[in-house]
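Data block below; observations after.
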Amino acid sequence: MKFIQYIVVGSAIMPLGAMAVTGEIVDPQNRGVPSARIRLKCDERTFGTRSGVLGQFHLSFGGPAGNCMIQVSHHGFEPFSGLVSADNRKLTIRLNLAVVRTSLRVDSSEQAAASPPDGAFASSVLTDNEFEQVSRSTESLVRYVKLQAGAIVGADALYVDGLPSSELPSTDMISRIEVNSDPFSAEYSDGDSNRIEITTKTPNRKFRFSLGGDPPGLGGRSPLAAGLRRVAKSYNGRLVGFVPRLPVSFSAQASIGRMLDKVPVVANLLAARRQDASGERPFTTVDQRSVNGRLDVQLSPGQHLRSRVTYSGSGTIGFNAGTGGLVLQEAGFRSSQDSHQLRATFDYAGARLLHSGGVVVTQTRSAAFANSEAAAISVLGEFVSGGSSLAESHSSRNNWTWKHLVRPADGGGWVAGFTVSRYGERNRERSNPAGVYQFSDVAAYLAALDGAPTGTLFGTQGNGAFLYHELTASSFVQKDLARSSRYRVTGGFRADYQPGFGAIVSPRISGVREWQGLILRAGLGLFARGAPRHMLTWALRNDGEHLRPFILRNVALGVDASKLEHAEETVRSQMDPHLSQTRELMAKMSIERPMKAFLPGLEYTWSASEHLWGVRRLPTGLGWVDLVEANRSAERHRLHAKLVLKMKVLSIASHYQWIHSTDDGSGPNSFPVVQNSLRGEWARSAGLAAHNVTMAGSIQLPARTFLTLAESWHGSVPYNVTTGLDSYGNGLFNDRGGRPRNSGNGPGSNFLSAYAVKRLALPRGLTGEHARKHLSVGAQIDNLLNNRNYAAVGSIAGSATFGKPILAQAGRSIKFSLNLD
């Protein structure tokens, strides 16, 4: 059937069939608008329906029809009406927003919005029609959107179709990537982190395939050793189709990849009494191989119901993991991991309510095997050799999450929902039977080689098998408390429950105001973070009933830890009975001033965290107890300036951020120097630069060639300087020699990426098919300026590597991609 598709923004005359009208209702970003009210008036007859979950609609009527009028209405959109007449049966009606989205259009004060602006100050959205202009890699797309939003602080929280996820879907299956859309949403508990929301697309009801790959690229040499480089290659294929006569469409895809990374060894080989016959700096080759598969099945049994089932599986094998820098090859390990995920989601548009949600079930199994089971040797700041501290490890993690949301079908300003999750972990490990020898400096190690008792031996006895599981739940409600053409105030509550820690209620409130051309935003909220699971399992594993770590002091090399029947100085873990979940209080305020193609703005963020987790090692009668507590805290101030430029063929978002962050702990596994006092631990936070600049932009060149740039620059980052001494005799070796915590100033970084793509239409006769195929040719250059971006520097004062780079990101590299679809 031949038909013509129309996109309508105002009133228009559109052809109409005599028997039925089908089509879709979309917003200005071409997203379907569910549950829009549709009325068709033909002569004296009136027909009505509502759009489905994807904005689709279908109206059937009997007999011929003359001129008709179609009317569409939905809360938050301007009403639409248009005259229709004879013979086309498929329409696409685009509604104008009653709310002006400043991320898409900039208006002067004379062009005031009919409603307050949507979105957040530091947020960004990328849709699938822009993906190919940026990159064919999902990782690169996510980085680009984050830089557009200036999202550089905190960890990333990933959600796919509203459900938490640990893996990124392929670019072909994504319709939208959004970062930090609403930092005070009661639906989430991420706080001052980067929330990445990915929405997948519906497979088309037609058969097509695509093939692509990234052949080995050029460059990628290590700044620490010019002769070493990283080589990566991958290949992928995809098939999209449908089941005739059934409302079922599917997409199947598979990919394989391999990465060979030659990592330089910068250890003090003279102290380790190692020689390299070639006279060149030695290296280890980290080899990683992966295979991935995914199957998406879309079910649309009715106009108002859409469901989707997705299975994804992956397998990875790695060799010489954990090597490079100070770690010699024999101290590394080989690893394997396979992951399986089943995801089922649904959207249902009822007459009054919209329901959405789903279930995701994940199973991950991993194993690690040491390259050598010889006694491990560690000379702090010099080298790590011998064997790995862990001889063998097997773990299996199983978890599921069920989420359900409900909101009014007319787009009214409230939403509510709940989430239930279960996590289970089964672990079995065997520590290095010979133990780990640790020496404070080279002199102590050399003396031990001559038989002197200058080392400390760490060993582990017992059975490392354990089983852990927990069930958590949360619920939330959020509502527009006040709304007019110039302002909007939104409030909400969230309750989070975790066994053993009770429930925490987190209130949130935020608002936006348009005033004399200025856009003012403010928000305040409490965020509850669940207890870190890895600390719960760590405390369970080392409680003395499972594994029994011990310390032997003043030993020479050659003591066999596996033959020790009893160790007097043991270390066991114990949970503080007053543990609680971490809480973060965050406040934001911002101001923006749209000016034609420019959007400048300034935002201030303050956050304070309490009940952060940490560990103290306290003496007992026969050794030590590692007491897991939740008494650490942190405070952060951030000033964020942005300038966004949007033109017809050019778009650039640039950001500068000044960050002042302080805390008294370096993570849940960190120990203080003085165990009975945390006052000396308060200092600037490690790994966060005070000055940061990011930029992301794209330009359309002649002949429909696109160029994209993504830049991130960070100033000096603090790191902790220690002496390598066990000054307090507790086996921690974290003495700082009187220095404040995180007193070191590490090097900054500057990473610029560029991506260019050209899409070529192939002649129909070349492919032998009626549908035209396209060949996309792309080139991606990472670290374009070939900067020496060091990932870590030596932190042991007085060692051979102190202040010197020991790990680095790859230098300039270029890779080409070819994709046929």
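Just remember, in the structure tokens the first chain shown is A, the second B, etc., residues are 1-based per chain, and ligands are 1-based in the order shown.
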
Running DSSP on the backbone, which parts of range 645-716 of chain A land in helix (DSSP H, G or I), as an NGL selection string? :A and (679-681 or 702-704)

Output N, CA, C and O atoms of each residue in that selection to a file, as a CSV table (one decimal), in the first residue's frame.
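The resulting file, part_4.csv, is shown below:
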```csv
chain,number,residue,atom,x,y,z
A,679,ARG,N,40.4,12.6,64.2
A,679,ARG,CA,40.5,14.0,64.0
A,679,ARG,C,41.6,14.3,63.1
A,679,ARG,O,41.5,15.3,62.3
A,680,GLY,N,42.7,13.5,63.0
A,680,GLY,CA,43.8,13.8,62.1
A,680,GLY,C,43.6,13.3,60.7
A,680,GLY,O,44.4,13.5,59.9
A,681,GLU,N,42.4,12.7,60.5
A,681,GLU,CA,42.1,12.2,59.1
A,681,GLU,C,41.4,13.2,58.2
A,681,GLU,O,41.3,13.0,57.0
A,702,PRO,N,30.6,20.1,5.1
A,702,PRO,CA,29.9,19.9,3.8
A,702,PRO,C,29.9,18.4,3.5
A,702,PRO,O,30.6,17.6,4.1
A,703,ALA,N,29.0,18.1,2.6
A,703,ALA,CA,28.8,16.7,2.1
A,703,ALA,C,28.3,15.8,3.2
A,703,ALA,O,28.6,14.6,3.2
A,704,ARG,N,27.5,16.4,4.2
A,704,ARG,CA,27.0,15.6,5.3
A,704,ARG,C,28.0,14.8,6.0
A,704,ARG,O,27.8,13.6,6.3
```

I want to know what sits within 7 Å of range 576-581 of chain A, based on only C-alpha atoms, with residues of the same chain fewer than 5 positions away left out; could you give that as a list in words?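 Listed by chain and then number, they are Phe501, Ala528, Arg529, Gly530, Ala531, His611, Leu627, Val628, Glu629 and Ala630 of chain A.
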
Residue subset to file, keeping C-alpha atoms, as a PDB file, in the first residue's frame:
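Full text of selection15.pdb as output:
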```
ATOM      1  CA  PHE A 501      19.335  -1.051  59.256  1.00  0.00           C
ATOM      2  CA  ALA A 528      19.886   7.394  51.716  1.00  0.00           C
ATOM      3  CA  ARG A 529      22.512   4.993  50.437  1.00  0.00           C
ATOM      4  CA  GLY A 530      22.353   1.320  51.301  1.00  0.00           C
ATOM      5  CA  ALA A 531      25.105  -0.326  53.289  1.00  0.00           C
ATOM      6  CA  HIS A 611      27.590   7.624  58.462  1.00  0.00           C
ATOM      7  CA  LEU A 627      35.821  -3.083  63.599  1.00  0.00           C
ATOM      8  CA  VAL A 628      33.569  -2.041  60.694  1.00  0.00           C
ATOM      9  CA  GLU A 629      31.937   1.279  61.556  1.00  0.00           C
ATOM     10  CA  ALA A 630      29.756   3.965  59.973  1.00  0.00           C
TER      11      ALA A 630
END
```

Contacts of Lys206 in chain A within 10 Å, only C-alpha atoms, excl. fewer than 6 positions in-chain, as a PyMOL selection string: chain A and resi 240-244+249-250

Would you write out those residues with N, CA and C atoms, as a PDB file, in the first residue's frame?
```pdb
ATOM      1  N   VAL A 240      17.425  -7.802  12.407  1.00  0.00           N
ATOM      2  CA  VAL A 240      16.146  -7.299  12.897  1.00  0.00           C
ATOM      3  C   VAL A 240      15.038  -7.909  12.046  1.00  0.00           C
ATOM      4  N   GLY A 241      13.977  -8.361  12.674  1.00  0.00           N
ATOM      5  CA  GLY A 241      12.883  -8.960  11.926  1.00  0.00           C
ATOM      6  C   GLY A 241      11.603  -8.986  12.725  1.00  0.00           C
ATOM      7  N   PHE A 242      10.620  -9.720  12.230  1.00  0.00           N
ATOM      8  CA  PHE A 242       9.326  -9.815  12.894  1.00  0.00           C
ATOM      9  C   PHE A 242       8.687 -11.144  12.532  1.00  0.00           C
ATOM     10  N   VAL A 243       7.647 -11.503  13.283  1.00  0.00           N
ATOM     11  CA  VAL A 243       6.887 -12.724  13.035  1.00  0.00           C
ATOM     12  C   VAL A 243       5.618 -12.337  12.294  1.00  0.00           C
ATOM     13  N   PRO A 244       5.444 -12.798  11.063  1.00  0.00           N
ATOM     14  CA  PRO A 244       4.246 -12.426  10.296  1.00  0.00           C
ATOM     15  C   PRO A 244       2.967 -12.817  11.016  1.00  0.00           C
ATOM     16  N   SER A 249       8.079  -8.529  17.175  1.00  0.00           N
ATOM     17  CA  SER A 249       9.271  -8.144  16.431  1.00  0.00           C
ATOM     18  C   SER A 249      10.483  -8.459  17.294  1.00  0.00           C
ATOM     19  N   PHE A 250      11.640  -8.603  16.657  1.00  0.00           N
ATOM     20  CA  PHE A 250      12.810  -9.031  17.406  1.00  0.00           C
ATOM     21  C   PHE A 250      14.073  -8.408  16.820  1.00  0.00           C
TER      22      PHE A 250
END
```

Residues near Val512 in chain A, anyone? I mean within 12 Å using only C-alpha atoms, not counting same-chain ones fewer than 3 positions away, as a PyMOL selection string. chain A and resi 115-121+182+480+482-490+509+515+518-523+588-592
